[in-house]
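Source file: input-v6.cif (mmCIF, C-alpha atoms)
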```
data_run
#
loop_
_atom_site.label_atom_id
_atom_site.label_comp_id
_atom_site.auth_asym_id
_atom_site.auth_seq_id
_atom_site.Cartn_x
_atom_site.Cartn_y
_atom_site.Cartn_z
CA MET A 1 76.34 94.04 131.41
CA THR A 2 79.31 95.87 129.89
CA GLN A 3 82.70 95.00 131.33
CA TYR A 4 85.72 97.31 131.51
CA TYR A 5 89.47 97.01 131.94
CA THR A 6 91.22 99.70 133.99
CA LEU A 7 94.29 101.01 132.16
CA GLN A 8 96.92 103.26 133.67
CA VAL A 9 99.18 104.84 131.07
CA ALA A 10 101.25 108.03 130.90
CA GLY A 11 100.01 109.12 134.33
CA LEU A 12 96.33 108.78 133.38
CA THR A 13 93.66 106.20 134.13
CA ARG A 14 91.07 105.13 131.58
CA GLN A 15 88.28 102.54 131.58
CA LEU A 16 88.46 100.48 128.38
CA LYS A 17 85.35 98.68 127.21
CA ILE A 18 85.83 94.92 126.75
CA CYS A 19 84.74 93.98 123.21
CA SER A 20 84.40 90.65 121.44
CA VAL A 21 86.52 90.20 118.30
CA SER A 22 85.81 86.47 117.85
CA ASP A 23 84.11 83.50 119.49
CA THR A 24 87.25 82.91 121.53
CA LEU A 25 88.71 86.36 122.10
CA ASP A 26 87.80 89.68 123.70
CA ILE A 27 89.95 92.80 123.75
CA ALA A 28 90.00 96.00 125.77
CA ALA A 29 89.17 98.73 123.24
CA PHE A 30 91.78 101.50 123.37
CA VAL A 31 90.56 104.51 121.39
CA MET A 32 92.50 107.77 121.50
CA PHE A 33 90.02 109.63 119.28
CA SER A 34 88.45 112.53 121.20
CA ASP A 35 90.80 112.11 124.19
CA VAL A 36 93.23 114.99 123.73
CA ALA A 37 94.72 114.70 127.25
CA LEU A 38 95.50 111.02 126.69
CA THR A 39 96.98 111.64 123.25
CA VAL A 40 99.25 114.43 124.50
CA ALA A 41 100.35 112.50 127.61
CA CYS A 42 101.16 109.34 125.64
CA ALA A 43 103.08 111.27 122.97
CA THR A 44 105.04 113.08 125.68
CA GLU A 45 106.04 109.77 127.31
CA LEU A 46 106.90 108.09 124.00
CA LYS A 47 108.98 111.10 122.96
CA LYS A 48 111.33 110.37 125.88
CA ARG A 49 111.99 106.87 124.54
CA ILE A 50 112.33 107.25 120.78
CA PRO A 51 115.47 107.89 118.74
CA VAL A 52 115.95 110.83 116.41
CA CYS A 53 113.87 110.50 113.23
CA ASP A 54 113.15 112.50 110.10
CA TYR A 55 109.58 111.25 109.55
CA ILE A 56 106.83 109.45 111.42
CA LEU A 57 104.75 106.88 109.54
CA THR A 58 101.44 105.53 110.85
CA ALA A 59 98.45 103.60 109.58
CA GLU A 60 95.03 105.07 109.00
CA SER A 61 93.15 105.64 111.29
CA LYS A 62 93.46 105.14 115.08
CA GLY A 63 97.18 105.97 115.06
CA ILE A 64 96.66 109.36 113.41
CA PRO A 65 96.09 111.48 116.55
CA LEU A 66 99.19 109.98 118.19
CA ALA A 67 101.31 110.42 115.06
CA TYR A 68 100.19 114.04 114.74
CA GLU A 69 101.00 114.83 118.37
CA MET A 70 104.34 113.00 118.23
CA ALA A 71 105.22 114.88 115.03
CA ARG A 72 104.24 118.18 116.65
CA GLN A 73 106.36 117.48 119.72
CA VAL A 74 109.48 116.26 117.88
CA GLN A 75 108.92 118.71 115.02
CA VAL A 76 109.06 116.31 112.07
CA PRO A 77 106.43 115.58 109.42
CA TYR A 78 104.13 112.58 109.72
CA ILE A 79 102.76 110.44 106.90
CA VAL A 80 99.65 108.27 106.94
CA ALA A 81 99.44 104.96 105.09
CA ARG A 82 95.88 105.01 103.76
CA LYS A 83 93.26 102.24 103.61
CA SER A 84 92.22 103.19 100.08
CA VAL A 85 93.72 104.98 97.12
CA LYS A 86 92.60 108.61 96.91
CA ALA A 87 92.33 110.67 93.71
CA TYR A 88 95.38 112.78 94.64
CA MET A 89 97.63 109.74 95.08
CA THR A 90 100.05 108.74 92.30
CA ASN A 91 102.69 106.00 91.90
CA VAL A 92 101.16 104.24 94.89
CA PHE A 93 102.99 101.68 97.02
CA SER A 94 100.79 98.99 98.60
CA VAL A 95 100.92 96.05 101.01
CA GLN A 96 98.28 93.66 102.38
CA VAL A 97 97.66 93.43 106.12
CA LYS A 98 95.49 91.39 108.51
CA SER A 99 94.61 93.12 111.79
CA ILE A 100 93.18 91.54 114.94
CA THR A 101 90.30 94.05 114.95
CA THR A 102 89.34 93.63 111.28
CA ALA A 103 87.69 90.50 109.86
CA ALA A 104 89.14 90.62 106.35
CA HIS A 105 92.54 91.35 104.88
CA GLN A 106 93.09 95.01 104.09
CA THR A 107 95.53 96.85 101.89
CA MET A 108 97.58 99.84 103.03
CA TYR A 109 98.60 102.42 100.46
CA LEU A 110 101.38 104.98 100.46
CA ASP A 111 101.25 107.88 98.02
CA GLY A 112 104.31 107.89 95.76
CA GLU A 113 104.91 111.57 96.52
CA LYS A 114 105.05 110.84 100.26
CA ALA A 115 107.14 107.73 99.62
CA ALA A 116 109.75 109.93 97.92
CA TRP A 117 110.07 111.92 101.14
CA LEU A 118 111.18 108.74 102.97
CA LYS A 119 114.03 107.77 100.62
CA GLY A 120 117.24 107.68 102.65
CA LYS A 121 115.50 109.13 105.73
CA ARG A 122 115.14 107.88 109.32
CA VAL A 123 111.56 106.68 109.81
CA LEU A 124 109.75 106.08 113.10
CA LEU A 125 106.80 103.69 112.80
CA ILE A 126 104.06 104.46 115.28
CA ASP A 127 100.65 103.07 116.18
CA ASP A 128 98.27 103.19 119.12
CA VAL A 129 98.28 99.43 119.85
CA VAL A 130 100.43 96.59 118.55
CA SER A 131 98.92 93.13 118.90
CA THR A 132 99.83 90.69 116.13
CA GLY A 133 102.35 93.13 114.67
CA GLU A 134 100.84 92.79 111.20
CA SER A 135 100.04 96.50 110.80
CA MET A 136 103.50 97.47 112.02
CA GLN A 137 105.06 95.00 109.57
CA ALA A 138 102.98 96.47 106.75
CA LEU A 139 104.20 99.97 107.66
CA GLN A 140 107.77 98.70 107.70
CA THR A 141 107.34 97.12 104.27
CA LEU A 142 105.95 100.36 102.83
CA ALA A 143 108.77 102.44 104.35
CA GLU A 144 111.41 100.03 103.07
CA GLN A 145 109.83 99.94 99.58
CA ALA A 146 110.19 103.72 99.63
CA GLY A 147 113.85 103.51 100.64
CA GLY A 148 113.39 104.65 104.24
CA GLU A 149 115.49 103.44 107.17
CA ILE A 150 113.41 102.21 110.11
CA VAL A 151 114.88 103.63 113.33
CA GLU A 152 112.26 102.25 115.70
CA ARG A 153 108.74 100.92 116.14
CA ALA A 154 106.65 102.51 118.90
CA ALA A 155 103.16 102.19 120.32
CA VAL A 156 101.24 103.26 123.36
CA LEU A 157 100.23 99.67 124.16
CA ALA A 158 101.57 96.21 123.37
CA GLU A 159 98.69 93.75 123.44
CA GLY A 160 99.08 90.10 124.41
CA GLU A 161 102.32 88.50 123.17
CA ALA A 162 103.45 91.78 121.59
CA ALA A 163 104.50 92.86 125.11
CA SER A 164 107.38 90.37 124.91
CA ARG A 165 108.76 91.77 121.64
CA ASP A 166 112.22 93.30 121.82
CA ASP A 167 111.78 95.37 118.65
CA LEU A 168 109.03 97.62 119.99
CA ILE A 169 108.98 100.60 122.33
CA PHE A 170 105.69 100.79 124.23
CA LEU A 171 104.33 102.40 127.37
CA GLU A 172 102.17 99.62 128.85
CA PRO A 173 101.14 96.02 128.17
CA LEU A 174 97.47 95.29 127.44
CA PRO A 175 96.07 91.83 128.14
CA LEU A 176 93.95 89.77 125.77
CA PHE A 177 90.87 88.11 127.23
CA TYR A 178 90.40 84.52 126.04
CA LYS A 179 86.96 82.92 126.32
CA ASP A 180 86.43 79.33 127.41
#
```
Write-out of the structure in structure tokens:
Amino acid sequence: MTQYYTLQVAGLTRQLKICSVSDTLDIAAFVMFSDVALTVACATELKKRIPVCDYILTAESKGIPLAYEMARQVQVPYIVARKSVKAYMTNVFSVQVKSITTAAHQTMYLDGEKAAWLKGKRVLLIDDVVSTGESMQALQTLAEQAGGEIVERAAVLAEGEAASRDDLIFLEPLPLFYKD
């Protein structure tokens, strides 16, 4: 029988499916894809809490809808750190990352052309959920390699211990579900 966690965020209620990520840990799967109302509402609430920025940087892929909507609302460009190097990318910056939802280490890539945009600019790092903070740290490393100034880190949800971080703006905490 499928179990769900009831989340209330940005004035909306959603049922998140509980999913196993290891023998000892389950998470509530927060997926903004296809949920336009949720994406807009969360971006609207985060917009009230973030400082002025010149660019928004997010990781491929679940943070993209939020980054787009945030960028639209604050009227700044957004940049996506990719999971693979594409043919159009040159002078690529890269960093390794380990995410709670992915079994193996991954590499994030930032196109050199986009990296040049960040030099000397105020950069907001954004993602849908922060758990271990590894993806956010990878984004920060890429932005700093490009010469950008991090003005804030923001997410819709802070999962587990991430909710006690003082270097992250988030809308709601999200529990982790440990198995016996």
**d(atom CA of Gln145 of chain A, atom CA of Leu171 of chain A) in Å** =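 Answer for the atom CA of Gln145 of chain A to atom CA of Leu171 of chain A separation: 28.4 Å.
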**Prompt:** In file coordinates, which residues lie within 12 Å of (94.2, 107.6, 120.4) using all atoms listed in the file, given as an MDAnalysis selection string?
**Reply:** chainID A and resid 14 29:43 60:70 126:129 155:157
**Item:** Who sits within 8 Å of Lys47 of chain A, only C-alpha atoms, same chain under 2 positions skipped, as a list in words
**Value:** Ala43, Thr44, Glu45, Arg49, Ile50, Met70, Gln73 and Val74 of chain A
**Request:** Determine the residue membership of the PyMOL selection byres ((chain A and resi 1) around 12) for the file above and supply it as a PyMOL selection string.
**Result:** chain A and resi 2-4+17-19
**Asked** Selected by the PyMOL selection byres ((chain A and resi 90) around 10) in the shown coordinates: which residues, as a PyMOL selection string?
**Response** chain A and resi 85-89+91-93+110-114
If you keep C-alpha atoms, can you produce a file of those selected residues as an mmCIF file, in the frame of the given file?
```
data_model
loop_
_atom_site.group_PDB
_atom_site.id
_atom_site.type_symbol
_atom_site.label_atom_id
_atom_site.label_comp_id
_atom_site.auth_asym_id
_atom_site.auth_seq_id
_atom_site.Cartn_x
_atom_site.Cartn_y
_atom_site.Cartn_z
ATOM 1 C CA VAL A 85 93.720 104.980 97.120
ATOM 2 C CA LYS A 86 92.600 108.610 96.910
ATOM 3 C CA ALA A 87 92.330 110.670 93.710
ATOM 4 C CA TYR A 88 95.380 112.780 94.640
ATOM 5 C CA MET A 89 97.630 109.740 95.080
ATOM 6 C CA ASN A 91 102.690 106.000 91.900
ATOM 7 C CA VAL A 92 101.160 104.240 94.890
ATOM 8 C CA PHE A 93 102.990 101.680 97.020
ATOM 9 C CA LEU A 110 101.380 104.980 100.460
ATOM 10 C CA ASP A 111 101.250 107.880 98.020
ATOM 11 C CA GLY A 112 104.310 107.890 95.760
ATOM 12 C CA GLU A 113 104.910 111.570 96.520
ATOM 13 C CA LYS A 114 105.050 110.840 100.260
#
```
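Among A:Asp180, A:Gly147, A:Ser131, A:Ala115, the residue with the shortest atom-to-atom distance to Ser164 of chain A, counting all atoms listed in the file, is A:Ser131.
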